[in-house]
$ cat start.csv   # CSV, C-alpha atoms
chain,number,residue,atom,x,y,z
A,255,MET,CA,108.6,87.2,113.5
A,256,ALA,CA,111.6,89.3,112.5
A,257,THR,CA,114.9,88.5,114.2
A,258,GLU,CA,117.1,91.3,112.8
A,259,LEU,CA,116.9,95.1,112.4
A,260,PHE,CA,119.5,97.1,110.4
A,261,GLY,CA,121.8,94.0,110.3
A,262,ARG,CA,121.7,93.4,114.1
A,263,PRO,CA,119.5,91.2,116.3
A,264,ILE,CA,116.2,92.7,117.4
A,265,GLU,CA,117.3,92.5,121.1
A,266,HIS,CA,120.4,94.6,120.2
A,267,ALA,CA,118.1,97.4,119.0
A,268,ARG,CA,115.8,97.1,122.0
A,269,GLU,CA,118.7,97.6,124.4
A,270,ARG,CA,120.1,100.6,122.5
A,271,ARG,CA,117.1,102.7,121.5
A,272,GLY,CA,116.1,105.5,123.8
A,273,SER,CA,112.5,105.4,122.6
A,274,LEU,CA,110.3,103.0,120.6
A,275,ALA,CA,109.9,105.9,118.2
A,276,GLN,CA,113.5,105.4,117.0
A,277,THR,CA,112.4,102.2,115.3
A,278,ALA,CA,108.6,102.1,115.2
A,279,ALA,CA,106.1,104.9,115.1
A,280,VAL,CA,102.7,106.2,113.9
A,281,GLU,CA,102.0,109.9,113.3
A,282,SER,CA,98.9,111.7,112.2
A,283,SER,CA,98.8,115.0,110.4
A,284,ILE,CA,96.8,117.3,108.1
A,285,MET,CA,98.0,118.5,104.7
A,286,THR,CA,98.1,122.3,104.4
A,287,ASP,CA,98.9,122.9,100.7
A,288,GLY,CA,98.2,121.8,97.2
A,289,PRO,CA,95.6,119.4,96.0
A,290,SER,CA,95.5,117.5,99.3
A,291,ALA,CA,95.0,120.6,101.5
A,292,GLY,CA,92.8,119.7,104.5
A,293,MET,CA,93.2,116.0,104.0
A,294,ARG,CA,94.4,113.6,106.8
A,295,ARG,CA,97.7,111.6,106.5
A,296,ILE,CA,98.9,108.8,108.8
A,297,ARG,CA,102.6,107.9,108.6
A,298,MET,CA,103.6,104.4,109.8
A,299,THR,CA,107.3,103.6,110.2
A,300,ALA,CA,108.8,100.3,111.3
A,301,GLY,CA,112.5,99.8,110.7
A,302,ASP,CA,113.3,100.8,107.2
A,303,VAL,CA,109.7,100.7,106.0
A,304,ASP,CA,108.0,104.1,105.7
A,305,LEU,CA,104.3,104.0,104.7
A,306,GLU,CA,101.7,106.8,104.0
A,307,LEU,CA,98.0,106.1,104.7
A,308,LEU,CA,95.2,108.2,103.3
A,309,PRO,CA,92.2,108.1,105.7
A,310,ASP,CA,90.1,110.4,103.5
A,311,ARG,CA,90.6,107.9,100.6
A,312,GLY,CA,89.3,104.9,102.5
A,313,LEU,CA,92.6,104.3,104.3
A,314,ASP,CA,94.2,103.5,101.0
A,315,LEU,CA,98.0,103.5,100.7
A,316,GLY,CA,100.0,106.4,99.2
A,317,GLN,CA,103.8,106.3,98.8
A,318,VAL,CA,105.7,103.5,100.5
A,319,ARG,CA,109.5,103.5,100.9
A,320,VAL,CA,111.7,100.6,101.8
A,321,GLY,CA,115.2,101.4,102.7
A,322,GLY,CA,114.5,104.9,101.2
A,323,VAL,CA,113.5,103.5,97.8
A,324,PRO,CA,109.9,104.4,96.7
A,325,LEU,CA,107.8,101.5,95.5
A,326,ALA,CA,104.6,103.2,94.3
A,327,TRP,CA,103.7,105.1,91.2
A,328,LEU,CA,102.2,108.5,91.9
A,329,SER,CA,100.0,110.2,89.3
A,330,PRO,CA,100.2,113.9,88.3
A,331,THR,CA,96.7,114.5,90.0
A,332,GLY,CA,98.1,114.1,93.5
A,333,PHE,CA,95.5,113.0,96.1
A,334,PRO,CA,92.8,115.6,96.1
A,335,ARG,CA,89.7,115.2,98.3
A,336,ALA,CA,87.6,112.9,96.1
A,337,GLY,CA,84.1,114.2,95.4
A,338,VAL,CA,81.1,112.3,94.0
A,339,HIS,CA,82.3,110.6,90.8
A,340,ASP,CA,80.7,111.5,87.6
A,341,ALA,CA,78.6,108.8,86.0
A,342,ASP,CA,80.9,108.7,83.0
A,343,GLY,CA,83.9,108.0,85.3
A,344,SER,CA,85.8,111.2,84.6
A,345,GLY,CA,85.8,112.0,88.4
A,346,PHE,CA,88.0,108.9,89.0
A,347,THR,CA,90.6,109.7,86.4
A,348,ARG,CA,90.9,113.3,87.7
A,349,ALA,CA,91.4,112.2,91.3
A,350,PHE,CA,93.3,108.9,90.8
A,351,GLY,CA,96.6,109.6,92.6
A,352,GLY,CA,98.0,106.1,92.2
A,353,GLY,CA,99.8,105.2,95.4
A,354,LEU,CA,100.6,101.7,96.4
A,355,LEU,CA,97.0,100.8,96.9
A,356,THR,CA,93.8,102.3,95.5
A,357,THR,CA,90.8,100.1,96.5
A,358,CYS,CA,88.1,99.8,93.8
A,359,GLY,CA,84.5,98.9,94.7
A,360,LEU,CA,82.5,98.2,96.8
A,361,GLN,CA,79.9,97.8,94.1
A,362,ASN,CA,81.7,98.3,90.8
A,363,VAL,CA,85.1,97.5,89.3
A,364,GLY,CA,85.9,98.7,85.8
A,365,PRO,CA,84.1,101.3,83.6
A,366,ALA,CA,81.0,103.1,84.8
A,367,ALA,CA,78.0,100.9,84.5
A,368,GLU,CA,74.2,100.9,85.0
A,369,ASP,CA,72.8,98.0,86.9
A,370,GLY,CA,69.2,97.6,88.0
A,371,GLY,CA,68.5,101.3,87.3
A,372,GLU,CA,71.4,102.5,89.5
A,373,GLN,CA,74.5,104.3,88.1
A,374,HIS,CA,77.9,103.1,89.3
A,375,PRO,CA,80.9,105.3,88.6
A,376,MET,CA,84.2,104.0,87.3
A,377,HIS,CA,85.8,101.6,89.8
A,378,GLY,CA,83.1,102.4,92.4
A,379,ARG,CA,82.9,104.9,95.2
A,380,TYR,CA,85.2,103.4,97.8
A,381,THR,CA,88.3,105.6,97.3
A,382,SER,CA,86.1,108.8,97.6
A,383,LEU,CA,84.9,107.7,101.1
A,384,PRO,CA,86.5,109.0,104.3
A,385,ALA,CA,87.4,106.4,106.9
A,386,THR,CA,86.7,106.6,110.6
A,387,VAL,CA,90.0,105.8,112.2
A,388,VAL,CA,89.5,103.6,115.3
A,389,ARG,CA,93.1,102.7,116.2
A,390,THR,CA,96.6,104.0,115.7
A,391,GLU,CA,99.2,102.3,117.8
A,392,ALA,CA,102.9,101.5,118.0
A,393,ALA,CA,103.5,98.8,120.6
A,394,GLY,CA,106.4,96.6,121.0
A,395,ASP,CA,107.7,95.9,117.5
A,396,GLU,CA,104.3,96.2,115.8
A,397,VAL,CA,102.6,99.3,114.3
A,398,VAL,CA,98.9,99.0,113.6
A,399,VAL,CA,96.2,101.3,112.1
A,400,GLU,CA,92.6,100.3,111.9
A,401,ALA,CA,89.6,102.1,110.3
A,402,VAL,CA,86.0,101.7,109.3
A,403,VAL,CA,84.7,102.7,105.9
A,404,ARG,CA,81.0,102.7,105.0
A,405,GLU,CA,79.3,102.8,101.6
A,406,ALA,CA,75.6,103.4,102.4
A,407,ALA,CA,72.5,105.1,101.0
A,408,VAL,CA,69.0,105.6,102.4
A,409,PHE,CA,66.8,102.9,100.9
A,410,GLY,CA,70.0,101.4,99.4
A,411,VAL,CA,73.1,99.3,100.3
A,412,ASP,CA,74.9,99.5,103.6
A,413,LEU,CA,78.3,98.0,103.3
A,414,GLU,CA,81.0,98.3,106.0
A,415,LEU,CA,84.7,97.6,105.4
A,416,ARG,CA,86.9,97.4,108.4
A,417,ARG,CA,90.6,97.7,107.5
A,418,ARG,CA,93.7,96.8,109.5
A,419,VAL,CA,97.2,97.8,108.2
A,420,THR,CA,100.1,96.3,110.0
A,421,LEU,CA,103.9,96.7,110.0
A,422,VAL,CA,106.4,94.7,112.1
A,423,THR,CA,109.8,96.1,112.9
A,424,GLY,CA,112.5,94.1,111.2
A,425,GLU,CA,110.1,92.9,108.4
A,426,ARG,CA,109.6,94.4,105.0
A,427,ILE,CA,106.0,93.3,105.0
A,428,ILE,CA,102.8,95.3,104.7
A,429,ARG,CA,99.7,93.5,105.8
A,430,VAL,CA,96.3,94.8,104.6
A,431,GLU,CA,93.4,92.9,106.2
A,432,ASP,CA,89.8,93.7,105.4
A,433,VAL,CA,86.5,92.5,106.7
A,434,LEU,CA,83.6,93.4,104.4
A,435,THR,CA,80.2,93.2,106.1
A,436,ASN,CA,76.7,93.7,104.8
A,437,ARG,CA,75.0,95.9,107.4
A,438,GLY,CA,71.8,96.3,105.4
A,439,ALA,CA,68.5,94.4,105.4
A,440,ASP,CA,68.9,93.0,101.8
A,441,ALA,CA,71.5,90.9,100.1
A,442,VAL,CA,74.2,92.8,98.2
A,443,GLU,CA,76.5,91.6,95.5
A,444,PRO,CA,79.8,93.3,96.2
A,445,MET,CA,82.8,93.9,93.9
A,446,VAL,CA,86.3,94.7,95.2
A,447,LEU,CA,89.6,95.0,93.5
A,448,TYR,CA,93.0,95.9,95.1
A,449,HIS,CA,94.6,98.3,92.5
A,450,LEU,CA,98.3,98.0,93.5
A,451,ASN,CA,100.4,100.5,91.5
A,452,PHE,CA,104.2,99.9,91.2
A,453,GLY,CA,106.5,102.6,89.7
A,454,TRP,CA,110.1,103.5,89.1
A,455,PRO,CA,112.7,102.6,90.2
A,456,LEU,CA,111.2,99.2,90.9
A,457,VAL,CA,109.5,99.2,87.6
A,458,ASP,CA,112.0,99.9,84.8
A,459,GLU,CA,112.9,98.4,81.4
A,460,GLY,CA,113.4,94.7,82.0
A,461,THR,CA,111.4,94.4,85.2
A,462,ARG,CA,109.7,91.0,85.2
A,463,LEU,CA,106.2,90.0,86.4
A,464,ARG,CA,105.9,86.5,87.7
A,465,THR,CA,102.5,85.0,88.4
A,466,PRO,CA,101.2,81.5,89.0
A,467,ALA,CA,98.7,82.0,86.1
A,468,THR,CA,97.6,79.0,84.1
A,469,ALA,CA,96.6,81.3,81.2
A,470,VAL,CA,97.0,85.1,80.5
A,471,ARG,CA,94.4,86.8,78.3
A,472,PRO,CA,94.6,90.3,76.8
A,473,ARG,CA,91.5,92.5,77.5
A,474,ASP,CA,91.4,94.0,74.1
A,475,GLU,CA,93.2,94.7,70.8
A,476,GLN,CA,95.6,97.2,72.5
A,477,ALA,CA,96.6,94.5,75.0
A,478,ALA,CA,96.9,91.9,72.3
A,479,VAL,CA,99.8,93.8,70.8
A,480,GLY,CA,101.8,93.0,74.0
A,481,ALA,CA,100.4,89.5,74.6
A,482,ASP,CA,103.8,87.9,73.9
A,483,THR,CA,105.7,90.2,76.3
A,484,TRP,CA,103.2,90.7,79.1
A,485,ASP,CA,105.8,89.5,81.7
A,486,THR,CA,108.6,91.9,80.7
A,487,PHE,CA,108.3,95.7,81.2
A,488,PRO,CA,109.4,97.7,78.1
A,489,ALA,CA,111.3,100.9,77.7
A,490,PRO,CA,109.3,104.1,77.8
A,491,SER,CA,107.8,105.2,74.5
A,492,HIS,CA,105.1,107.7,73.4
A,493,PRO,CA,102.4,106.9,72.6
A,494,TYR,CA,102.0,103.7,74.6
A,495,PRO,CA,98.6,102.1,74.7
A,496,GLU,CA,97.1,101.2,78.1
A,497,GLN,CA,97.3,97.4,78.3
A,498,VAL,CA,95.3,95.1,80.6
A,499,PHE,CA,95.7,91.3,81.0
A,500,ALA,CA,93.6,88.8,82.9
A,501,HIS,CA,95.5,86.1,84.7
A,502,GLU,CA,93.7,82.8,85.3
A,503,LEU,CA,94.7,81.5,88.8
A,504,PRO,CA,94.6,78.1,90.5
A,505,ALA,CA,91.6,77.9,92.8
A,506,ASP,CA,91.7,78.0,96.6
A,507,GLU,CA,95.4,78.5,96.9
A,508,CYS,CA,97.6,81.1,98.6
A,509,VAL,CA,99.6,82.5,95.7
A,510,ALA,CA,102.4,85.1,95.2
A,511,VAL,CA,102.8,87.5,92.3
A,512,GLU,CA,106.3,88.9,92.0
A,513,VAL,CA,107.6,92.2,90.5
A,514,VAL,CA,111.3,91.6,90.0
A,515,ASN,CA,113.8,94.4,89.0
A,516,PRO,CA,116.9,93.0,87.3
A,517,ARG,CA,119.1,95.2,89.6
A,518,GLY,CA,118.0,93.1,92.6
A,519,LEU,CA,114.9,94.6,94.2
A,520,SER,CA,111.7,92.7,94.2
A,521,VAL,CA,108.2,92.8,95.6
A,522,ALA,CA,105.8,89.9,96.3
A,523,VAL,CA,102.1,90.3,96.5
A,524,ARG,CA,100.4,87.4,98.3
A,525,PHE,CA,96.7,86.6,98.6
A,526,ASP,CA,94.3,83.7,98.8
A,527,THR,CA,92.5,82.8,95.6
A,528,ALA,CA,89.6,81.4,97.7
A,529,GLN,CA,89.0,85.1,98.7
A,530,LEU,CA,90.3,86.8,95.6
A,531,PRO,CA,90.0,84.5,92.6
A,532,GLY,CA,90.6,87.2,89.9
A,533,LEU,CA,93.9,88.8,89.0
A,534,PHE,CA,94.5,91.6,86.5
A,535,GLN,CA,97.7,93.3,85.2
A,536,TRP,CA,97.7,97.0,84.1
A,537,ARG,CA,100.6,98.3,82.1
A,538,VAL,CA,101.4,101.7,80.7
A,539,ALA,CA,105.0,102.6,79.6
A,540,GLN,CA,105.0,106.2,78.4
A,541,PRO,CA,106.7,109.2,80.1
A,542,GLY,CA,104.8,110.1,83.3
A,543,GLN,CA,102.5,107.1,83.0
A,544,PHE,CA,105.2,104.5,83.6
A,545,VAL,CA,103.3,102.1,85.9
A,546,LEU,CA,102.7,98.4,86.5
A,547,GLY,CA,99.4,97.5,88.2
A,548,VAL,CA,98.9,94.2,90.1
A,549,GLU,CA,95.2,93.8,90.8
A,550,PRO,CA,93.7,90.9,92.8
A,551,ALA,CA,89.9,90.9,92.6
A,552,LEU,CA,86.9,89.5,94.4
A,553,VAL,CA,85.0,89.1,91.0
A,554,PRO,CA,87.0,87.9,88.1
A,555,THR,CA,86.2,90.7,85.6
A,556,ILE,CA,87.3,94.2,85.1
A,557,LEU,CA,84.6,95.1,82.6
A,558,GLY,CA,82.2,96.7,85.0
A,559,ARG,CA,79.1,95.6,87.0
A,560,ALA,CA,76.8,95.2,84.1
A,561,ALA,CA,79.2,92.8,82.4
A,562,ALA,CA,79.7,90.9,85.7
A,563,ARG,CA,76.0,90.4,86.0
A,564,GLU,CA,75.7,89.3,82.3
A,565,GLN,CA,78.4,86.7,82.9
A,566,GLY,CA,76.9,85.4,86.1
A,567,LEU,CA,79.9,86.4,88.2
A,568,LEU,CA,78.2,88.3,91.0
A,569,ARG,CA,77.6,86.5,94.3
A,570,PRO,CA,75.1,87.7,97.0
A,571,LEU,CA,76.3,88.6,100.5
A,572,ALA,CA,73.4,88.0,102.9
A,573,PRO,CA,72.4,90.6,105.6
A,574,GLY,CA,74.9,90.3,108.5
A,575,ALA,CA,77.3,88.1,106.5
A,576,ALA,CA,81.0,89.1,106.1
A,577,LEU,CA,83.9,88.4,103.7
A,578,THR,CA,87.5,88.3,104.8
A,579,LEU,CA,89.8,89.8,102.2
A,580,GLY,CA,93.3,91.3,102.0
A,581,VAL,CA,96.7,91.3,100.6
A,582,GLU,CA,100.3,91.0,101.9
A,583,ILE,CA,103.1,93.0,100.2
A,584,GLU,CA,106.7,92.1,100.9
A,585,ALA,CA,109.8,93.8,99.5
A,586,SER,CA,113.2,92.0,99.4
A,587,GLY,CA,116.7,92.7,98.0
A,588,SER,CA,118.0,96.1,97.0
A,589,LEU,CA,119.0,98.1,93.9
A,590,SER,CA,122.6,97.5,92.8

$ encode --input "start.csv" --output "structure tokens"
Amino acid sequence: MATELFGRPIEHARERRGSLAQTAAVESSIMTDGPSAGMRRIRMTAGDVDLELLPDRGLDLGQVRVGGVPLAWLSPTGFPRAGVHDADGSGFTRAFGGGLLTTCGLQNVGPAAEDGGEQHPMHGRYTSLPATVVRTEAAGDEVVVEAVVREAAVFGVDLELRRRVTLVTGERIIRVEDVLTNRGADAVEPMVLYHLNFGWPLVDEGTRLRTPATAVRPRDEQAAVGADTWDTFPAPSHPYPEQVFAHELPADECVAVEVVNPRGLSVAVRFDTAQLPGLFQWRVAQPGQFVLGVEPALVPTILGRAAAREQGLLRPLAPGAALTLGVEIEASGSLS
């Protein structure tokens, strides 16, 4: 647990604040203008961590600021209410707002795919699904939001994801804890990917990516061009090809992936490879699309559901069975 807040002991702050809301709070609101008009927002604050949640996007994470510094990349689309994605995937790219976390799945990760006669849109339907918020609470030094998201169809799958997002005053840690349960009568083969999108000023020329990978493989010819420099972010240039790298991780270990700015600010993404054995890196370095993606995944492919089946990577989740998933994101240091 945290022992300090703004350079003073936690007890010092407890004795001097007039209300808990001075140091820890959760607030709900409705956007009234622009692409997000009518959509819900939940703001969580704890100490110097300020986090935006998007209930109408599966309780994904929008912008996050630590000590006033934004960590996430935001796309020019904003966060419009996501409709049903087109089969060719264009719906995803027109509504992909970025943010610190866009959850991909629950049945497809990667390009649009057909599997067993069913069409799956690019990166699945999850981020188009509204969440049912079941808890928003600031108590003591902890701020918690919980919600339930359901991907279901008549005569089809019935997958439930229960998400819990936690901040603790005095820590710079965001905990995202998910439980994915098959509520249907038949086994389902889920796919989930945590699309974490880091942007400027954390990501800049010379920002380093450190991973425990035993091997790093480019996805395609465009990525192969940057295979020797995958760990160092370049200066912006136009055009810059989208590059994706697959990182092979040690099995059944709690690992950390670090994004390190040479000016002193860093972010660590922690997860368990027993839960999330895949890891992908997404990199684009052109004006406006200056983003580094860190992407832990349940299924170690980013080529779509059909490719995952061909490679024998899909695993059945029995009726009533559940998977425990999640990531922890911690910021440290500051920009000098």

$ atom_distance --input "start.csv" --atom1 "atom CA of A:Leu519" --atom2 "atom CA of A:Ala481"
24.9 Å

$ closest_residue --input "start.csv" --among "A:Gly359, A:Val387, A:Leu325, A:Arg437" --to "A:Arg295" --atoms "all atoms listed in the file"
A:Val387

$ closest_residue --input "start.csv" --among "A:His377, A:Arg311, A:Arg262, A:His449" --to "A:Leu355" --atoms "all atoms listed in the file"
A:His449

$ atom_distance --input "start.csv" --atom1 "atom CA of A:Pro375" --atom2 "atom CA of A:Val433"
22.9 Å

$ closest_residue --input "start.csv" --among "A:Leu328, A:Leu567, A:Ala575, A:Val514" --to "A:Ala349" --atoms "all atoms listed in the file"
A:Leu328

$ residues_around --input "start.csv" --residues "A:Asp526" --least-positions-apart "2" --cutoff "12 Å" --atoms "all atoms listed in the file" --output "MDAnalysis selection string"
chainID A and resid 431 503:511 523:524 528:533 550:552 578:582

$ write_last_selection --input "start.csv" --atoms "C-alpha atoms" --output "CSV table (one decimal), keeping the file's coordinate frame"
chain,number,residue,atom,x,y,z
A,431,GLU,CA,93.4,92.9,106.2
A,503,LEU,CA,94.7,81.5,88.8
A,504,PRO,CA,94.6,78.1,90.5
A,505,ALA,CA,91.6,77.9,92.8
A,506,ASP,CA,91.7,78.0,96.6
A,507,GLU,CA,95.4,78.5,96.9
A,508,CYS,CA,97.6,81.1,98.6
A,509,VAL,CA,99.6,82.5,95.7
A,510,ALA,CA,102.4,85.1,95.2
A,511,VAL,CA,102.8,87.5,92.3
A,523,VAL,CA,102.1,90.3,96.5
A,524,ARG,CA,100.4,87.4,98.3
A,528,ALA,CA,89.6,81.4,97.7
A,529,GLN,CA,89.0,85.1,98.7
A,530,LEU,CA,90.3,86.8,95.6
A,531,PRO,CA,90.0,84.5,92.6
A,532,GLY,CA,90.6,87.2,89.9
A,533,LEU,CA,93.9,88.8,89.0
A,550,PRO,CA,93.7,90.9,92.8
A,551,ALA,CA,89.9,90.9,92.6
A,552,LEU,CA,86.9,89.5,94.4
A,578,THR,CA,87.5,88.3,104.8
A,579,LEU,CA,89.8,89.8,102.2
A,580,GLY,CA,93.3,91.3,102.0
A,581,VAL,CA,96.7,91.3,100.6
A,582,GLU,CA,100.3,91.0,101.9

$ atom_distance --input "start.csv" --atom1 "atom CA of A:Ser491" --atom2 "atom CA of A:Pro334"
28.3 Å

$ closest_residue --input "start.csv" --among "A:Val430, A:Ala539, A:Leu568, A:Val397" --to "A:Met445" --atoms "only C-alpha atoms"
A:Leu568

$ closest_residue --input "start.csv" --among "A:Glu459, A:Asp395, A:Glu443, A:Asp485" --to "A:Asn362" --atoms "all atoms listed in the file"
A:Glu443

$ closest_residue --input "start.csv" --among "A:Arg426, A:Arg271, A:Arg464, A:Arg379" --to "A:Ala585" --atoms "all atoms listed in the file"
A:Arg426

$ closest_atom_pairs --input "start.csv" --of "stretch 344-394 of chain A" --to "stretch 400-412 of chain A" --cutoff "10 Å" --atoms "all atoms listed in the file" --output "CSV"
residue,atom,partner,partner_atom,distance
A:Gly359,CA,A:Glu405,CA,9.5
A:Leu360,CA,A:Glu405,CA,7.4
A:Gln361,CA,A:Glu405,CA,9.0
A:Gly378,CA,A:Glu405,CA,10.0
A:Arg379,CA,A:Glu405,CA,7.6
A:Tyr380,CA,A:Glu405,CA,7.0
A:Thr381,CA,A:Val403,CA,9.8
A:Ser382,CA,A:Glu405,CA,9.9
A:Leu383,CA,A:Val403,CA,6.9
A:Pro384,CA,A:Val403,CA,6.7
A:Ala385,CA,A:Val403,CA,4.7
A:Thr386,CA,A:Val402,CA,5.1
A:Val387,CA,A:Ala401,CA,4.2
A:Val388,CA,A:Ala401,CA,5.2
A:Arg389,CA,A:Glu400,CA,4.9
A:Thr390,CA,A:Glu400,CA,6.6
A:Glu391,CA,A:Glu400,CA,9.1

$ residues_near_point --input "start.csv" --point "(89.5, 95.7, 73.5)" --cutoff "12 Å" --atoms "only C-alpha atoms" --output "PyMOL selection string"
chain A and resi 471-479+495-499+556-557

$ residues_around --input "start.csv" --residues "A:Ala441" --least-positions-apart "2" --cutoff "6 Å" --atoms "all atoms listed in the file" --output "PyMOL selection string"
chain A and resi 570-573

$ residues_around --input "start.csv" --residues "A:Glu425" --least-positions-apart "4" --cutoff "9 Å" --atoms "all atoms listed in the file" --output "ChimeraX atom specification"
/A:255-259,300-303,421,584-585

$ residues_around --input "start.csv" --residues "A:Leu546" --least-positions-apart "2" --cutoff "6 Å" --atoms "only C-alpha atoms" --output "PDB file with C-alpha atoms, in the coordinates of the input"
ATOM      1  CA  ASN A 451     100.400 100.500  91.500  1.00  0.00           C
ATOM      2  CA  PHE A 452     104.200  99.900  91.200  1.00  0.00           C
ATOM      3  CA  TRP A 536      97.700  97.000  84.100  1.00  0.00           C
ATOM      4  CA  ARG A 537     100.600  98.300  82.100  1.00  0.00           C
TER       5      ARG A 537
END
